[in-house]
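*Asks:* Okay, handing you the structure first.
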Amino acid sequence: MKICDSIKYVGVDDHEIDLFEGQFEVPNGMAYNSYVILDDKIAVMDSVDAHFGEEWLSNIADVLEAAGGRKPDYLVVQHMEMDHSANIKAFTDKYPEAKIVGSKMSFNMMKSMFGTDFADRQIVAGEGTELELGAAAGDHTLKFIAAPNVHWPEVIMTYDVKEKVLFAADAFGKFGANDYDDPEGWACEARRYYFGIVGKFGPQVQAVLKKAEGLEIKTICSLHGPVLSDNIKYYLDTYNTWSSYGVESEGIVVNYTSVYGSTKKAAEKIAEILKAKGCPKVALNDLAREDIYECVEDAFRYGKMILATTTYCGGVFPKMREFIEYLTERNYQNRKIGLIENGSWVPSAAKGIVAMFEGSKDITFAENKVTIKITMTEENEAELEKLADEMLK
């Protein structure tokens with residue numbers, strides 16, 4: 001990937017992985033990004049996953065050979081999650097004179113991971129710390145930005161003053177290898193990535209975005225996904241919407257679970273009614289069969305959601321309960337929710353759902369709740385009409 005003449009890409013693509021972090025499906029692979037900044041001194045930005053150490057070191061060697069056979073002076077460690085830090089020790093073994101730059105907490109983590117915190121070669125970087133790579137005015141100066149809990153507590157970001165590049169750690173990343181041309185562009189898999197991994201930490205992302213307001217950014221280099229250089233404002237604005245729990249797209253998502261098909265029919269019926277009444281977008285998800293993180297993504301994307309489920313053991317059906325837990329642990333808020341419940345004798349799923357959101361901020365429930373007893377009736381269909389009308393207001 002092209003960044004600029006003085007910054008080279010040395011990351012790797014992973015097509016062997018099936019589940020990122022042991023839970024996220026990544027059918028199009030995953031990228032672990034790393035970069036080399038060339039000046040009087042040379043800085044390598046982050047490492048890669050353990051399985052790709054040799055390839056990464058080879059990529060670095062190729063860049064250094066093209067630069068006259070020089071050696072790196074620094075390895076900047078922005079994030080200690082293992083897909084970015086696993087080869088730190090291999091790097092220090094190969095380049096014993098290079099210094100390691102990272103936050104104080106990152107060195108504590110290195111001690112746990114490698115049995116050493118590289119005390120004789122560490123440079124502790126925090127908010128406002130600067131690292132000069134050149135002696136002349138206008139050369140590369142790296143300014144470090146503390147970014148705790150975006151999404152680990154030790155994270156720092158790095159701003160290259162010369163090239164106006166923000167090395168953003170995991171922020172602005174997406175699922176998918178970089179040698180895969182994603183027809184959906186950046187946003188779809190970046191949204192699933194954000195709400196799956198970072199979503200809980202909206203206030204911390206907001207804090208970093210406020211720091212970014214004072215920077216002239218021409219390029220964003222994340223640790224996952226493509227280099228972002230066109231319309232930087234779009235990426236910043238999108239992250240602002242996501243991290244402030246704002247509404248990205250007008251529409252309603254209908255998420256349902258169904259045992260014998262009646263609740264599914266109700267969910268499909270209200271989706272049909274919403275479309276007929278002019279709802280700009282209706283997303284319909286079977287929580288038992290869809291990728292759960294695609295469903296989480298939709299719940300945060302739209303400002304309104306309808307949950308349709310059956311009563312199970314006197315409470316909420318397991319797949320629905322699990323889904324709601326995914327939302328609440330990611331600070332789901334500022335949304336309107338409509339409820340459809342089904343039950344064979346005493347429907348009580350709606351009551352259980354309301355209780356699950358008790359700790360959530362600014363959740364409004366529609367007044368028109370729909371209760372089905374086994375099979376949907378004409379009266380239920382009329383109730384679905386009323387619920388749709390209320391949700392569209």
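Residue numbers start at 1 in each chain; chains themselves are named A, B, ... in the order of the structure tokens; ligands are numbered from 1 in the order shown.
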Identify, on the basis of only C-alpha atoms, every residue whose closest approach to Phe172 (chain A) does not exceed 8 Å; exclude the query and any residue fewer than 3 positions from it along the same chain; express the result as a tab-separated table (two decimals) with N, CA, C and O atoms, in the first residue's frame.

*Replies:*
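The result, written out as result_2.tsv:
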```
chain	number	residue	atom	x	y	z
A	168	ALA	N	-3.26	5.37	13.99
A	168	ALA	CA	-4.41	5.40	14.88
A	168	ALA	C	-4.62	4.15	15.71
A	168	ALA	O	-5.70	3.94	16.25
A	190	ALA	N	-16.04	-1.98	8.87
A	190	ALA	CA	-15.52	-1.11	9.93
A	190	ALA	C	-16.56	-0.92	11.02
A	190	ALA	O	-16.24	-0.86	12.21
A	194	TYR	N	-16.09	-1.96	14.77
A	194	TYR	CA	-16.19	-0.96	15.83
A	194	TYR	C	-17.16	-1.41	16.92
A	194	TYR	O	-16.81	-1.43	18.11
A	220	ILE	N	-4.90	8.47	7.48
A	220	ILE	CA	-5.06	7.66	8.69
A	220	ILE	C	-4.52	6.27	8.41
A	220	ILE	O	-4.95	5.60	7.46
A	222	SER	N	-4.38	2.84	10.17
A	222	SER	CA	-4.85	1.99	11.26
A	222	SER	C	-4.03	0.71	11.31
A	222	SER	O	-3.26	0.40	10.39
A	224	HIS	N	-5.51	-2.18	11.28
A	224	HIS	CA	-6.26	-3.13	10.47
A	224	HIS	C	-6.91	-2.38	9.32
A	224	HIS	O	-7.42	-1.28	9.50
A	235	TYR	N	-14.46	9.88	7.62
A	235	TYR	CA	-14.09	8.86	8.61
A	235	TYR	C	-14.19	9.41	10.03
A	235	TYR	O	-14.68	8.74	10.94
A	239	TYR	N	-16.89	8.09	12.85
A	239	TYR	CA	-16.47	7.64	14.17
A	239	TYR	C	-17.11	8.49	15.26
A	239	TYR	O	-17.40	7.98	16.35
```

*Asks:* For the strand (DSSP E or B) assignment from backbone DSSP, which residues of region 73-196 of chain A qualify? Please present them as a PyMOL selection string.

*Replies:* chain A and resi 74-76+99-102+122-124+130-132+141-146+156-160+165-167+176

*Asks:* Within 7 Å of Val198 (chain A), counting only C-alpha atoms, which residues show up once you throw out same-chain ones fewer than 3 positions away? Write them as a list in words, please.

*Replies:*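 Once the nearby chain positions are removed, what remains is Val150, His151, Tyr194, Phe195 and Phe201 of chain A.
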
*Asks:* Compile the contact shell of region 335-346 of chain A as a list in words: residues with an atom at most 6 Å away, counting only C-alpha atoms, same-chain residues fewer than 6 positions apart removed.

*Replies:*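 Final neighbour list, sorted by chain and number: Gly303, Lys304, Met305, Ile306, Leu307, Ala308, Thr309, Thr310, Thr311, Ile363, Thr364, Phe365, Ala366, Lys369, Val370, Thr371, Ile372, Lys373 and Ile374 of chain A.
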
*Asks:* Any chance you can output those residues with N, CA, C and O atoms as a PDB file, in the first residue's frame?

*Replies:*
```
ATOM      1  N   GLY A 303     -31.831   4.096  14.521  1.00  0.00           N
ATOM      2  CA  GLY A 303     -32.297   4.696  15.762  1.00  0.00           C
ATOM      3  C   GLY A 303     -33.458   3.975  16.404  1.00  0.00           C
ATOM      4  O   GLY A 303     -33.823   4.266  17.539  1.00  0.00           O
ATOM      5  N   LYS A 304     -34.053   3.027  15.660  1.00  0.00           N
ATOM      6  CA  LYS A 304     -35.227   2.326  16.173  1.00  0.00           C
ATOM      7  C   LYS A 304     -35.076   0.824  15.926  1.00  0.00           C
ATOM      8  O   LYS A 304     -34.537   0.409  14.899  1.00  0.00           O
ATOM      9  N   MET A 305     -35.597   0.040  16.869  1.00  0.00           N
ATOM     10  CA  MET A 305     -35.463  -1.406  16.775  1.00  0.00           C
ATOM     11  C   MET A 305     -36.721  -2.067  17.315  1.00  0.00           C
ATOM     12  O   MET A 305     -37.298  -1.632  18.311  1.00  0.00           O
ATOM     13  N   ILE A 306     -37.157  -3.124  16.644  1.00  0.00           N
ATOM     14  CA  ILE A 306     -38.255  -3.944  17.119  1.00  0.00           C
ATOM     15  C   ILE A 306     -37.698  -5.309  17.477  1.00  0.00           C
ATOM     16  O   ILE A 306     -36.961  -5.921  16.699  1.00  0.00           O
ATOM     17  N   LEU A 307     -38.029  -5.775  18.668  1.00  0.00           N
ATOM     18  CA  LEU A 307     -37.603  -7.087  19.142  1.00  0.00           C
ATOM     19  C   LEU A 307     -38.828  -7.990  19.230  1.00  0.00           C
ATOM     20  O   LEU A 307     -39.817  -7.651  19.901  1.00  0.00           O
ATOM     21  N   ALA A 308     -38.760  -9.129  18.552  1.00  0.00           N
ATOM     22  CA  ALA A 308     -39.861 -10.092  18.559  1.00  0.00           C
ATOM     23  C   ALA A 308     -39.318 -11.430  19.040  1.00  0.00           C
ATOM     24  O   ALA A 308     -38.379 -11.967  18.445  1.00  0.00           O
ATOM     25  N   THR A 309     -39.939 -11.966  20.113  1.00  0.00           N
ATOM     26  CA  THR A 309     -39.390 -13.205  20.665  1.00  0.00           C
ATOM     27  C   THR A 309     -40.450 -13.966  21.453  1.00  0.00           C
ATOM     28  O   THR A 309     -41.525 -13.443  21.757  1.00  0.00           O
ATOM     29  N   THR A 310     -40.102 -15.193  21.775  1.00  0.00           N
ATOM     30  CA  THR A 310     -40.999 -16.055  22.534  1.00  0.00           C
ATOM     31  C   THR A 310     -40.640 -16.047  24.021  1.00  0.00           C
ATOM     32  O   THR A 310     -39.516 -15.736  24.398  1.00  0.00           O
ATOM     33  N   THR A 311     -41.617 -16.412  24.813  1.00  0.00           N
ATOM     34  CA  THR A 311     -41.381 -16.626  26.238  1.00  0.00           C
ATOM     35  C   THR A 311     -40.723 -17.992  26.415  1.00  0.00           C
ATOM     36  O   THR A 311     -41.135 -18.973  25.794  1.00  0.00           O
ATOM     37  N   ILE A 363     -33.371   4.789  26.776  1.00  0.00           N
ATOM     38  CA  ILE A 363     -34.100   3.795  26.001  1.00  0.00           C
ATOM     39  C   ILE A 363     -35.592   4.061  26.181  1.00  0.00           C
ATOM     40  O   ILE A 363     -36.091   4.098  27.311  1.00  0.00           O
ATOM     41  N   THR A 364     -36.298   4.239  25.076  1.00  0.00           N
ATOM     42  CA  THR A 364     -37.740   4.469  25.101  1.00  0.00           C
ATOM     43  C   THR A 364     -38.441   3.269  24.500  1.00  0.00           C
ATOM     44  O   THR A 364     -38.076   2.812  23.410  1.00  0.00           O
ATOM     45  N   PHE A 365     -39.447   2.746  25.191  1.00  0.00           N
ATOM     46  CA  PHE A 365     -40.208   1.616  24.680  1.00  0.00           C
ATOM     47  C   PHE A 365     -41.533   2.100  24.099  1.00  0.00           C
ATOM     48  O   PHE A 365     -42.197   2.971  24.672  1.00  0.00           O
ATOM     49  N   ALA A 366     -41.900   1.543  22.960  1.00  0.00           N
ATOM     50  CA  ALA A 366     -43.164   1.893  22.329  1.00  0.00           C
ATOM     51  C   ALA A 366     -44.327   1.502  23.252  1.00  0.00           C
ATOM     52  O   ALA A 366     -44.294   0.465  23.913  1.00  0.00           O
ATOM     53  N   LYS A 369     -47.402  -2.407  22.620  1.00  0.00           N
ATOM     54  CA  LYS A 369     -46.790  -3.733  22.686  1.00  0.00           C
ATOM     55  C   LYS A 369     -47.742  -4.747  22.055  1.00  0.00           C
ATOM     56  O   LYS A 369     -48.958  -4.660  22.220  1.00  0.00           O
ATOM     57  N   VAL A 370     -47.182  -5.727  21.338  1.00  0.00           N
ATOM     58  CA  VAL A 370     -47.985  -6.761  20.698  1.00  0.00           C
ATOM     59  C   VAL A 370     -47.754  -8.085  21.423  1.00  0.00           C
ATOM     60  O   VAL A 370     -46.609  -8.528  21.564  1.00  0.00           O
ATOM     61  N   THR A 371     -48.833  -8.705  21.892  1.00  0.00           N
ATOM     62  CA  THR A 371     -48.745  -9.990  22.569  1.00  0.00           C
ATOM     63  C   THR A 371     -49.503 -11.042  21.775  1.00  0.00           C
ATOM     64  O   THR A 371     -50.705 -10.886  21.504  1.00  0.00           O
ATOM     65  N   ILE A 372     -48.799 -12.099  21.398  1.00  0.00           N
ATOM     66  CA  ILE A 372     -49.365 -13.196  20.617  1.00  0.00           C
ATOM     67  C   ILE A 372     -49.442 -14.428  21.509  1.00  0.00           C
ATOM     68  O   ILE A 372     -48.507 -14.711  22.265  1.00  0.00           O
ATOM     69  N   LYS A 373     -50.552 -15.148  21.414  1.00  0.00           N
ATOM     70  CA  LYS A 373     -50.660 -16.422  22.122  1.00  0.00           C
ATOM     71  C   LYS A 373     -50.660 -17.547  21.084  1.00  0.00           C
ATOM     72  O   LYS A 373     -51.689 -17.838  20.475  1.00  0.00           O
ATOM     73  N   ILE A 374     -49.488 -18.081  20.872  1.00  0.00           N
ATOM     74  CA  ILE A 374     -49.207 -19.200  19.959  1.00  0.00           C
ATOM     75  C   ILE A 374     -49.302 -18.786  18.505  1.00  0.00           C
ATOM     76  O   ILE A 374     -48.307 -18.836  17.766  1.00  0.00           O
TER      77      ILE A 374
END
```

*Asks:* Report the distance between CA of Leu387 (chain A) and CA of Phe357 (chain A) in Å, rounded to one decimal place.

*Replies:* 19.6 Å

*Asks:* Return as a tab-separated table the residues of region 133-220 of chain A lying at most 9 Å from region 28-34 of chain A, together with the closest atom-to-atom pair for each and the distance in Å to one decimal, counting only C-alpha atoms, with rows in chain order and ascending residue number.

*Replies:*
```
residue	atom	partner	partner_atom	distance
A:Lys174	CA	A:Met30	CA	8.4
A:Phe175	CA	A:Met30	CA	5.8
A:Gly176	CA	A:Met30	CA	4.4
A:Ala177	CA	A:Met30	CA	4.2
A:Asn178	CA	A:Ala31	CA	5.9
A:Asp179	CA	A:Ala31	CA	8.6
A:Tyr180	CA	A:Asn28	CA	6.8
A:Asp182	CA	A:Asn28	CA	8.4
```

*Asks:* With only C-alpha atoms as the basis for distance, which of A:Tyr332, A:Tyr9, A:Phe20, A:Tyr234 is at the shortest distance from Ala61 (chain A)?

*Replies:*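 The answer is A:Tyr9, which sits nearest to Ala61 (chain A).
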
*Asks:* Show me, as a list of chain:residue names, the residues that have an atom within 7 Å of Ser348 (chain A) when counting only C-alpha atoms, minus same-chain residues fewer than 4 positions from it.

*Replies:*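 In the requested form, the answer reads A:Thr311, A:Gly314, A:Gly315, A:Gly352.
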
*Asks:* Save the residues we just selected, N, CA and C atoms, as an mmCIF file, in the first residue's frame?

*Replies:*
```cif
data_model
loop_
_atom_site.group_PDB
_atom_site.id
_atom_site.type_symbol
_atom_site.label_atom_id
_atom_site.label_comp_id
_atom_site.auth_asym_id
_atom_site.auth_seq_id
_atom_site.Cartn_x
_atom_site.Cartn_y
_atom_site.Cartn_z
ATOM 1 N N THR A 311 -41.617 -16.412 24.813
ATOM 2 C CA THR A 311 -41.381 -16.626 26.238
ATOM 3 C C THR A 311 -40.723 -17.992 26.415
ATOM 4 N N GLY A 314 -40.367 -18.952 31.369
ATOM 5 C CA GLY A 314 -40.919 -17.814 32.088
ATOM 6 C C GLY A 314 -40.207 -16.501 31.835
ATOM 7 N N GLY A 315 -39.242 -16.497 30.913
ATOM 8 C CA GLY A 315 -38.483 -15.276 30.638
ATOM 9 C C GLY A 315 -38.252 -15.076 29.155
ATOM 10 N N GLY A 352 -39.472 -9.245 30.551
ATOM 11 C CA GLY A 352 -38.069 -9.601 30.758
ATOM 12 C C GLY A 352 -37.125 -8.725 29.955
#
```

*Asks:* Distance CA of Phe118 (chain A)-CA of Lys162 (chain A), one decimal place?

*Replies:*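 Straight-line distance from CA of Phe118 (chain A) to CA of Lys162 (chain A) works out to 29.0 Å.
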
*Asks:* Select from region 14-155 of chain A everything DSSP, run on the backbone, classes as alpha helix (DSSP H), then give the selection as a PyMOL selection string.

*Replies:* chain A and resi 53-66+82-85+88-94+104-114

*Asks:* What is the CA of Cys313 (chain A)-CA of Ala283 (chain A) distance in Å, reported with one decimal?

*Replies:*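 Atom-to-atom, CA of Cys313 (chain A) to CA of Ala283 (chain A), that is 28.3 Å.
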
*Asks:* Find, counting only C-alpha atoms, the residue in A:Gln122, A:Asn368, A:Asn240, A:Thr375 that gets nearest to Met391 (chain A).

*Replies:* A:Asn368

*Asks:* Near Ser229 (chain A), within 10 Å and counting only C-alpha atoms, which residues show up once chain neighbours fewer than 4 positions away are dropped, as a VMD selection string?

*Replies:* chain A and resid 3 165 217 to 221 233 235

*Asks:* Under the rule that only C-alpha atoms are counted, which of A:Tyr256, A:Phe91, A:Trp242, A:Tyr159 is the nearest residue to Asp46 (chain A)?

*Replies:*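 For Asp46 (chain A), the nearest of the candidates is A:Phe91.
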
*Asks:* Report as a list in words all protein, DNA and RNA residues lying within 7 Å of Ile37 (chain A), evaluated on only C-alpha atoms, omitting residues in the same chain fewer than 6 positions from it.

*Replies:*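 The residues that qualify are Ser6, Ile7, Lys8, Ala43 and Val44 of chain A.
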
*Asks:* Counting only C-alpha atoms, which of A:Val208, A:Ala388, A:Ile42, A:Ala299 gets nearest to Ala267 (chain A)?

*Replies:* A:Ala388
